[in-house]
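Right, one structure below, let's go through it.
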Amino acid sequence: MARRRFLGIGAAVGGAVLLGATGGGGTAVAAERSRRRAGYPDVLNLPNGFHPAGIGIGPAPYAYFGSLLGGAVYRACLLTGEGKVINPGLGEGYYAVGLQVDQRQRVFVAGGWGRLITVVDGITGKVIETYEVGNADTFVDHVVLTPHAAWFTDSFNGQLFALPLGPHGALPARDEVVTLRLGGEWVQGPSDGLTATGIAATPDGSALVVVNIHAHGGSLFRVHPATGAARRIDLGGVTLPTTNGILVHGRTLYAPRMNDLAVLRLDPTGHNARLARMVTDPRFETPCAAAVHGNRLYLPNSRFPQPPEPELPYNAVALSLPL
């Protein structure tokens with residue numbers, strides 16, 4: 001069952017990857033220049049067969065990755081490139097997809113088909129709390145942290161999940177998880193394909209930005225966090241058919257596509273965005289998410305649509321900012 005479900009996700013993303021070869025526009029630029037920063041490696045090697053789908057970086061110089069095969073969480077030191085598995089996951093049939101890290105070095109993990117949201121201590125790897133959400137068709141895909149909640153996408157059901165955060169970041173009780181149905185202009189895709197993938201917050205924090213890889217050839221929607229009302233963001237003709245995780249940093253939105261990176265400038269409220277440039281790099285192998293630390297942008301390579309194998313190598317690459 002786990003293998004079938006994984007291959008189903010791979011087929012959906014793989015099909016989108018093929019479409020992404022002709023999507024979008026803008027000027028491609030090589031990201032070869034000015035990569036190096038003393039002591040910081042440009043490539044983070046992950047365990048063979050790990051198969052990442054997201055990345056999270058908090059205040060400390062560590063990047064966290066989750067595995068689509070068993071749900072393990074891996075921590076890599078940005079200074080040295082060395083790392084280790086800090087939590088082995090629950091094994092076959094469980095996933096760790098998108099991740100985010102808060103100021104307390106807690107890792108919030110989207111659990112894919114496992115319907116789980118897990119909060120892990122980023123130092124010890126100990127599970128702090130787990131939440132079961134959704135229904136049998138739920139795929140908890142990506143996550144964004146805001147000052148008052150951790151928001152997660154459900155790729156197959158047109159809804160978001162939120163963990164409301166109390167004073168000093170206190171986690172909610174298990175029965176306090178919020179399910180927010182998406183409405184307004186939201187267009188849900190067919191039941192056997194991904195729709196909502198990545199999620200971020202607008203620069204002014206007033207709304208959420210959610211990727212919809214089904215509608216309009218791959219698009220972004222601005223979602224009101226109280227009502228779920230969604231409005232399509234004007235991207236000026238850019239399409240995002242293969243985008244999974246996204247990152248909003250200041251007023252810049254980073255959206256990995258097939259083997260390039262769309263860099264867009266958002267207005268503060270998130271109603272409009274315009275392409276600044278397309279970044280290409282020979283090290284890209286279907287980058288799937290993005291995170292910033294200092295003046296460097298990190299992107300894990302998912303290598304979709306290639307199916308995972310135990311000895312298949314995976315990595316994440318670093319680019320110097322600004323792009």
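Here, A, B, ... name the chains of the structure tokens in the order displayed, residue numbers run from 1 inside each chain, and ligands are numbered from 1 in the same displayed order.
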
Worksheet entry | Residue contacts of stretch 84-94 of chain A (12 Å, only C-alpha atoms) excluding same-chain residues fewer than 3 positions away, as a PyMOL selection string | chain A and resi 1-6+44-47+50+62-77+81+97+107+109-128+130+139-140

Contact check, stretch 97-148 of chain A to stretch 234-254 of chain A, at most 12 Å, counting only C-alpha atoms, closest pairs as a tab-separated table:
```
residue	atom	partner	partner_atom	distance
A:Val97	CA	A:Gly245	CA	9.5
A:Gly98	CA	A:Gly245	CA	7.1
A:Leu99	CA	A:Gly245	CA	9.5
A:Gln100	CA	A:Leu247	CA	10.7
A:Ala110	CA	A:Gly245	CA	11.6
A:Asp141	CA	A:Asn244	CA	8.5
A:His142	CA	A:Gly245	CA	6.5
A:Val143	CA	A:Gly245	CA	8.5
A:Val144	CA	A:Leu247	CA	8.8
A:Leu145	CA	A:Leu247	CA	11.2
A:Thr146	CA	A:Val248	CA	11.8
```

Generate a file of the selected residues that holds N, CA, C and O atoms, formatted as a PDB file, in the first residue's frame.
```pdb
ATOM      1  N   VAL A  97       7.288  15.104   4.739  1.00  0.00           N
ATOM      2  CA  VAL A  97       7.294  15.859   3.476  1.00  0.00           C
ATOM      3  C   VAL A  97       7.850  17.255   3.768  1.00  0.00           C
ATOM      4  O   VAL A  97       9.038  17.435   3.936  1.00  0.00           O
ATOM      5  N   GLY A  98       6.975  18.269   3.867  1.00  0.00           N
ATOM      6  CA  GLY A  98       7.464  19.606   4.182  1.00  0.00           C
ATOM      7  C   GLY A  98       7.825  19.748   5.653  1.00  0.00           C
ATOM      8  O   GLY A  98       7.244  19.093   6.522  1.00  0.00           O
ATOM      9  N   LEU A  99       8.802  20.625   5.938  1.00  0.00           N
ATOM     10  CA  LEU A  99       9.226  20.893   7.306  1.00  0.00           C
ATOM     11  C   LEU A  99       9.432  22.397   7.493  1.00  0.00           C
ATOM     12  O   LEU A  99       9.803  23.104   6.559  1.00  0.00           O
ATOM     13  N   GLN A 100       9.225  22.852   8.714  1.00  0.00           N
ATOM     14  CA  GLN A 100       9.585  24.206   9.123  1.00  0.00           C
ATOM     15  C   GLN A 100      10.132  24.149  10.539  1.00  0.00           C
ATOM     16  O   GLN A 100       9.748  23.270  11.337  1.00  0.00           O
ATOM     17  N   ALA A 110       5.183  17.781   8.098  1.00  0.00           N
ATOM     18  CA  ALA A 110       3.977  17.330   7.395  1.00  0.00           C
ATOM     19  C   ALA A 110       4.134  15.860   7.051  1.00  0.00           C
ATOM     20  O   ALA A 110       5.115  15.461   6.418  1.00  0.00           O
ATOM     21  N   ASP A 141       1.036  17.962   3.099  1.00  0.00           N
ATOM     22  CA  ASP A 141       2.134  18.175   2.163  1.00  0.00           C
ATOM     23  C   ASP A 141       3.198  19.149   2.660  1.00  0.00           C
ATOM     24  O   ASP A 141       4.342  18.778   2.877  1.00  0.00           O
ATOM     25  N   HIS A 142       2.839  20.428   2.812  1.00  0.00           N
ATOM     26  CA  HIS A 142       3.839  21.428   3.214  1.00  0.00           C
ATOM     27  C   HIS A 142       3.311  22.288   4.335  1.00  0.00           C
ATOM     28  O   HIS A 142       2.114  22.263   4.656  1.00  0.00           O
ATOM     29  N   VAL A 143       4.214  23.059   4.948  1.00  0.00           N
ATOM     30  CA  VAL A 143       3.890  23.781   6.166  1.00  0.00           C
ATOM     31  C   VAL A 143       4.545  25.158   6.138  1.00  0.00           C
ATOM     32  O   VAL A 143       5.632  25.328   5.582  1.00  0.00           O
ATOM     33  N   VAL A 144       3.882  26.132   6.746  1.00  0.00           N
ATOM     34  CA  VAL A 144       4.476  27.435   7.005  1.00  0.00           C
ATOM     35  C   VAL A 144       4.162  27.825   8.440  1.00  0.00           C
ATOM     36  O   VAL A 144       3.076  27.531   8.961  1.00  0.00           O
ATOM     37  N   LEU A 145       5.116  28.479   9.087  1.00  0.00           N
ATOM     38  CA  LEU A 145       4.918  28.974  10.447  1.00  0.00           C
ATOM     39  C   LEU A 145       4.627  30.463  10.399  1.00  0.00           C
ATOM     40  O   LEU A 145       5.337  31.226   9.732  1.00  0.00           O
ATOM     41  N   THR A 146       3.569  30.882  11.097  1.00  0.00           N
ATOM     42  CA  THR A 146       3.260  32.292  11.268  1.00  0.00           C
ATOM     43  C   THR A 146       3.335  32.587  12.768  1.00  0.00           C
ATOM     44  O   THR A 146       3.491  31.666  13.579  1.00  0.00           O
TER      45      THR A 146
END
```

Worksheet item: Counting only C-alpha atoms, which of A:Ala226, A:Ala96, A:Val211, A:Val133 gets nearest to A:Gln188?
Response: A:Val211

Fill in: Non-local contacts of A:Thr179 (12 Å; only C-alpha atoms; under 2 positions in same chain excluded) as a list in words
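In the requested form, the answer reads Glu132, Val133, Gly134, Asn135, Thr138, Ala150, Trp151, Phe152, Thr153, Asp154, Asn157, Gly158, Gln159, Leu160, Phe161, Ala162, Leu163, Pro164, Asp175, Glu176, Val177, Arg181, Leu182, Pro225, Ala226, Thr227 and Gly228 of chain A.
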
Residue subset to file, keeping N, CA and C atoms, as a PDB file, in the first residue's frame:
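As a result, out-v5.pdb now contains:
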```
ATOM      1  N   GLU A 132      -3.223  13.701  14.494  1.00  0.00           N
ATOM      2  CA  GLU A 132      -3.813  13.018  13.343  1.00  0.00           C
ATOM      3  C   GLU A 132      -4.909  13.911  12.777  1.00  0.00           C
ATOM      4  N   VAL A 133      -4.842  14.151  11.460  1.00  0.00           N
ATOM      5  CA  VAL A 133      -5.759  15.104  10.845  1.00  0.00           C
ATOM      6  C   VAL A 133      -6.422  14.497   9.614  1.00  0.00           C
ATOM      7  N   GLY A 134      -7.486  15.150   9.145  1.00  0.00           N
ATOM      8  CA  GLY A 134      -8.091  14.801   7.872  1.00  0.00           C
ATOM      9  C   GLY A 134      -8.799  13.471   7.861  1.00  0.00           C
ATOM     10  N   ASN A 135      -8.742  12.833   6.666  1.00  0.00           N
ATOM     11  CA  ASN A 135      -9.431  11.567   6.451  1.00  0.00           C
ATOM     12  C   ASN A 135      -8.508  10.622   5.692  1.00  0.00           C
ATOM     13  N   THR A 138      -6.357  12.101   2.916  1.00  0.00           N
ATOM     14  CA  THR A 138      -5.550  13.284   3.217  1.00  0.00           C
ATOM     15  C   THR A 138      -4.076  13.033   2.930  1.00  0.00           C
ATOM     16  N   ALA A 150       0.823  27.177  12.946  1.00  0.00           N
ATOM     17  CA  ALA A 150       1.529  26.403  11.917  1.00  0.00           C
ATOM     18  C   ALA A 150       0.465  25.911  10.948  1.00  0.00           C
ATOM     19  N   TRP A 151       0.598  26.265   9.662  1.00  0.00           N
ATOM     20  CA  TRP A 151      -0.406  25.944   8.641  1.00  0.00           C
ATOM     21  C   TRP A 151       0.122  24.860   7.712  1.00  0.00           C
ATOM     22  N   PHE A 152      -0.748  23.888   7.396  1.00  0.00           N
ATOM     23  CA  PHE A 152      -0.371  22.750   6.555  1.00  0.00           C
ATOM     24  C   PHE A 152      -1.361  22.609   5.403  1.00  0.00           C
ATOM     25  N   THR A 153      -0.869  22.214   4.241  1.00  0.00           N
ATOM     26  CA  THR A 153      -1.743  21.937   3.103  1.00  0.00           C
ATOM     27  C   THR A 153      -2.173  20.482   3.090  1.00  0.00           C
ATOM     28  N   ASP A 154      -3.376  20.238   2.559  1.00  0.00           N
ATOM     29  CA  ASP A 154      -3.873  18.900   2.263  1.00  0.00           C
ATOM     30  C   ASP A 154      -4.024  18.833   0.750  1.00  0.00           C
ATOM     31  N   ASN A 157      -7.680  17.449  -0.814  1.00  0.00           N
ATOM     32  CA  ASN A 157      -9.014  17.697  -0.263  1.00  0.00           C
ATOM     33  C   ASN A 157      -9.425  19.165  -0.197  1.00  0.00           C
ATOM     34  N   GLY A 158      -8.665  20.071  -0.755  1.00  0.00           N
ATOM     35  CA  GLY A 158      -9.078  21.466  -0.766  1.00  0.00           C
ATOM     36  C   GLY A 158      -9.260  22.054   0.616  1.00  0.00           C
ATOM     37  N   GLN A 159      -8.312  21.795   1.501  1.00  0.00           N
ATOM     38  CA  GLN A 159      -8.396  22.313   2.860  1.00  0.00           C
ATOM     39  C   GLN A 159      -7.001  22.493   3.438  1.00  0.00           C
ATOM     40  N   LEU A 160      -6.941  23.292   4.495  1.00  0.00           N
ATOM     41  CA  LEU A 160      -5.712  23.509   5.237  1.00  0.00           C
ATOM     42  C   LEU A 160      -5.942  23.079   6.676  1.00  0.00           C
ATOM     43  N   PHE A 161      -4.853  22.746   7.360  1.00  0.00           N
ATOM     44  CA  PHE A 161      -4.893  22.457   8.784  1.00  0.00           C
ATOM     45  C   PHE A 161      -4.025  23.479   9.505  1.00  0.00           C
ATOM     46  N   ALA A 162      -4.452  23.879  10.699  1.00  0.00           N
ATOM     47  CA  ALA A 162      -3.680  24.831  11.483  1.00  0.00           C
ATOM     48  C   ALA A 162      -3.517  24.323  12.901  1.00  0.00           C
ATOM     49  N   LEU A 163      -2.297  24.464  13.414  1.00  0.00           N
ATOM     50  CA  LEU A 163      -2.037  24.265  14.834  1.00  0.00           C
ATOM     51  C   LEU A 163      -1.955  25.654  15.455  1.00  0.00           C
ATOM     52  N   PRO A 164      -2.992  26.097  16.172  1.00  0.00           N
ATOM     53  CA  PRO A 164      -2.920  27.408  16.822  1.00  0.00           C
ATOM     54  C   PRO A 164      -1.835  27.384  17.908  1.00  0.00           C
ATOM     55  N   ASP A 175      -7.315  18.068  20.168  1.00  0.00           N
ATOM     56  CA  ASP A 175      -8.654  18.372  19.672  1.00  0.00           C
ATOM     57  C   ASP A 175      -8.812  19.844  19.285  1.00  0.00           C
ATOM     58  N   GLU A 176      -7.725  20.604  19.279  1.00  0.00           N
ATOM     59  CA  GLU A 176      -7.776  22.019  18.936  1.00  0.00           C
ATOM     60  C   GLU A 176      -7.234  22.317  17.542  1.00  0.00           C
ATOM     61  N   VAL A 177      -6.908  21.275  16.785  1.00  0.00           N
ATOM     62  CA  VAL A 177      -6.451  21.484  15.408  1.00  0.00           C
ATOM     63  C   VAL A 177      -7.597  22.060  14.581  1.00  0.00           C
ATOM     64  N   ARG A 181     -11.613  24.928   5.223  1.00  0.00           N
ATOM     65  CA  ARG A 181     -11.975  24.604   3.841  1.00  0.00           C
ATOM     66  C   ARG A 181     -11.638  25.784   2.931  1.00  0.00           C
ATOM     67  N   LEU A 182     -11.115  25.463   1.758  1.00  0.00           N
ATOM     68  CA  LEU A 182     -10.774  26.488   0.776  1.00  0.00           C
ATOM     69  C   LEU A 182     -11.985  26.770  -0.103  1.00  0.00           C
ATOM     70  N   PRO A 225      -6.923  33.616   6.138  1.00  0.00           N
ATOM     71  CA  PRO A 225      -6.742  32.569   7.159  1.00  0.00           C
ATOM     72  C   PRO A 225      -7.940  32.374   8.082  1.00  0.00           C
ATOM     73  N   ALA A 226      -8.891  33.287   8.071  1.00  0.00           N
ATOM     74  CA  ALA A 226     -10.068  33.128   8.926  1.00  0.00           C
ATOM     75  C   ALA A 226     -11.230  32.477   8.199  1.00  0.00           C
ATOM     76  N   THR A 227     -11.357  32.741   6.891  1.00  0.00           N
ATOM     77  CA  THR A 227     -12.523  32.263   6.141  1.00  0.00           C
ATOM     78  C   THR A 227     -12.205  31.187   5.128  1.00  0.00           C
ATOM     79  N   GLY A 228     -10.950  31.079   4.693  1.00  0.00           N
ATOM     80  CA  GLY A 228     -10.593  30.133   3.640  1.00  0.00           C
ATOM     81  C   GLY A 228     -10.873  30.657   2.247  1.00  0.00           C
TER      82      GLY A 228
END
```

Item to complete: List every residue of stretch 3-204 of chain A that DSSP, applied to the backbone of this structure, assigns to helix (DSSP H, G or I), and report them as a PyMOL selection string.
Response: chain A and resi 3-20+167-169+174-176

Fill in: Contacts of A:His271 at 9 Å (only C-alpha atoms; same-chain gap of 5+ positions) as a ChimeraX atom specification
/A:202,221-222,231-234,266

Could the residues in this selection be written to a file with N, CA and C atoms, as a CSV table (one decimal), in the first residue's frame?
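Wrote it out as again18.csv, contents follow:
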```
chain,number,residue,atom,x,y,z
A,202,THR,N,2.0,35.9,3.2
A,202,THR,CA,2.2,37.1,2.4
A,202,THR,C,3.2,38.0,3.2
A,221,PHE,N,-2.5,31.1,-5.0
A,221,PHE,CA,-3.8,31.6,-4.5
A,221,PHE,C,-3.5,32.3,-3.1
A,222,ARG,N,-4.1,33.5,-3.0
A,222,ARG,CA,-4.1,34.2,-1.7
A,222,ARG,C,-5.3,33.7,-0.9
A,231,ARG,N,-8.2,33.7,-3.5
A,231,ARG,CA,-8.3,34.5,-4.7
A,231,ARG,C,-7.0,34.3,-5.5
A,232,ARG,N,-7.1,34.1,-6.8
A,232,ARG,CA,-5.9,33.8,-7.6
A,232,ARG,C,-5.0,35.0,-7.6
A,233,ILE,N,-3.7,34.8,-7.4
A,233,ILE,CA,-2.7,35.8,-7.5
A,233,ILE,C,-2.3,36.1,-8.9
A,234,ASP,N,-2.3,37.3,-9.3
A,234,ASP,CA,-1.8,37.7,-10.7
A,234,ASP,C,-0.3,37.5,-10.8
A,266,LEU,N,6.7,40.0,-4.8
A,266,LEU,CA,5.3,40.1,-4.4
A,266,LEU,C,5.0,41.5,-3.9
```

Discussion item. Based on the backbone DSSP call, show me all residues of stretch 48-221 of chain A assigned strand (DSSP E), as a ChimeraX atom specification.
Written reply: /A:56-57,62-66,73-77,83-87,99-101,106-110,116-121,127-132,140-146,149-154,159-164,178-181,183-184,196-201,208-212,219-221

Worksheet item: Between atom CA of A:Pro287 and atom CA of A:Ala230, what is the spacing in Å?
Response: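 Computing the Euclidean distance for atom CA of A:Ala230 and atom CA of A:Pro287 yields 26.4 Å.
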
Response to the item:
Correct to one decimal, the distance atom CA of A:Pro268-atom CA of A:Pro322 is 19.0 Å

Practice prompt. Tell me, in Å to one decimal, how far atom CA of A:Pro190 is from atom CA of A:Pro52.
Written response: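 Computing the Euclidean distance for atom CA of A:Pro190 and atom CA of A:Pro52 yields 25.1 Å.
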
Worksheet item: Which residue, A:Pro313, A:Ser320, A:Pro305, A:Asp260, has the smallest gap to A:Val292 when you use only C-alpha atoms?
Response: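 Smallest distance to A:Val292 is found for A:Ser320.
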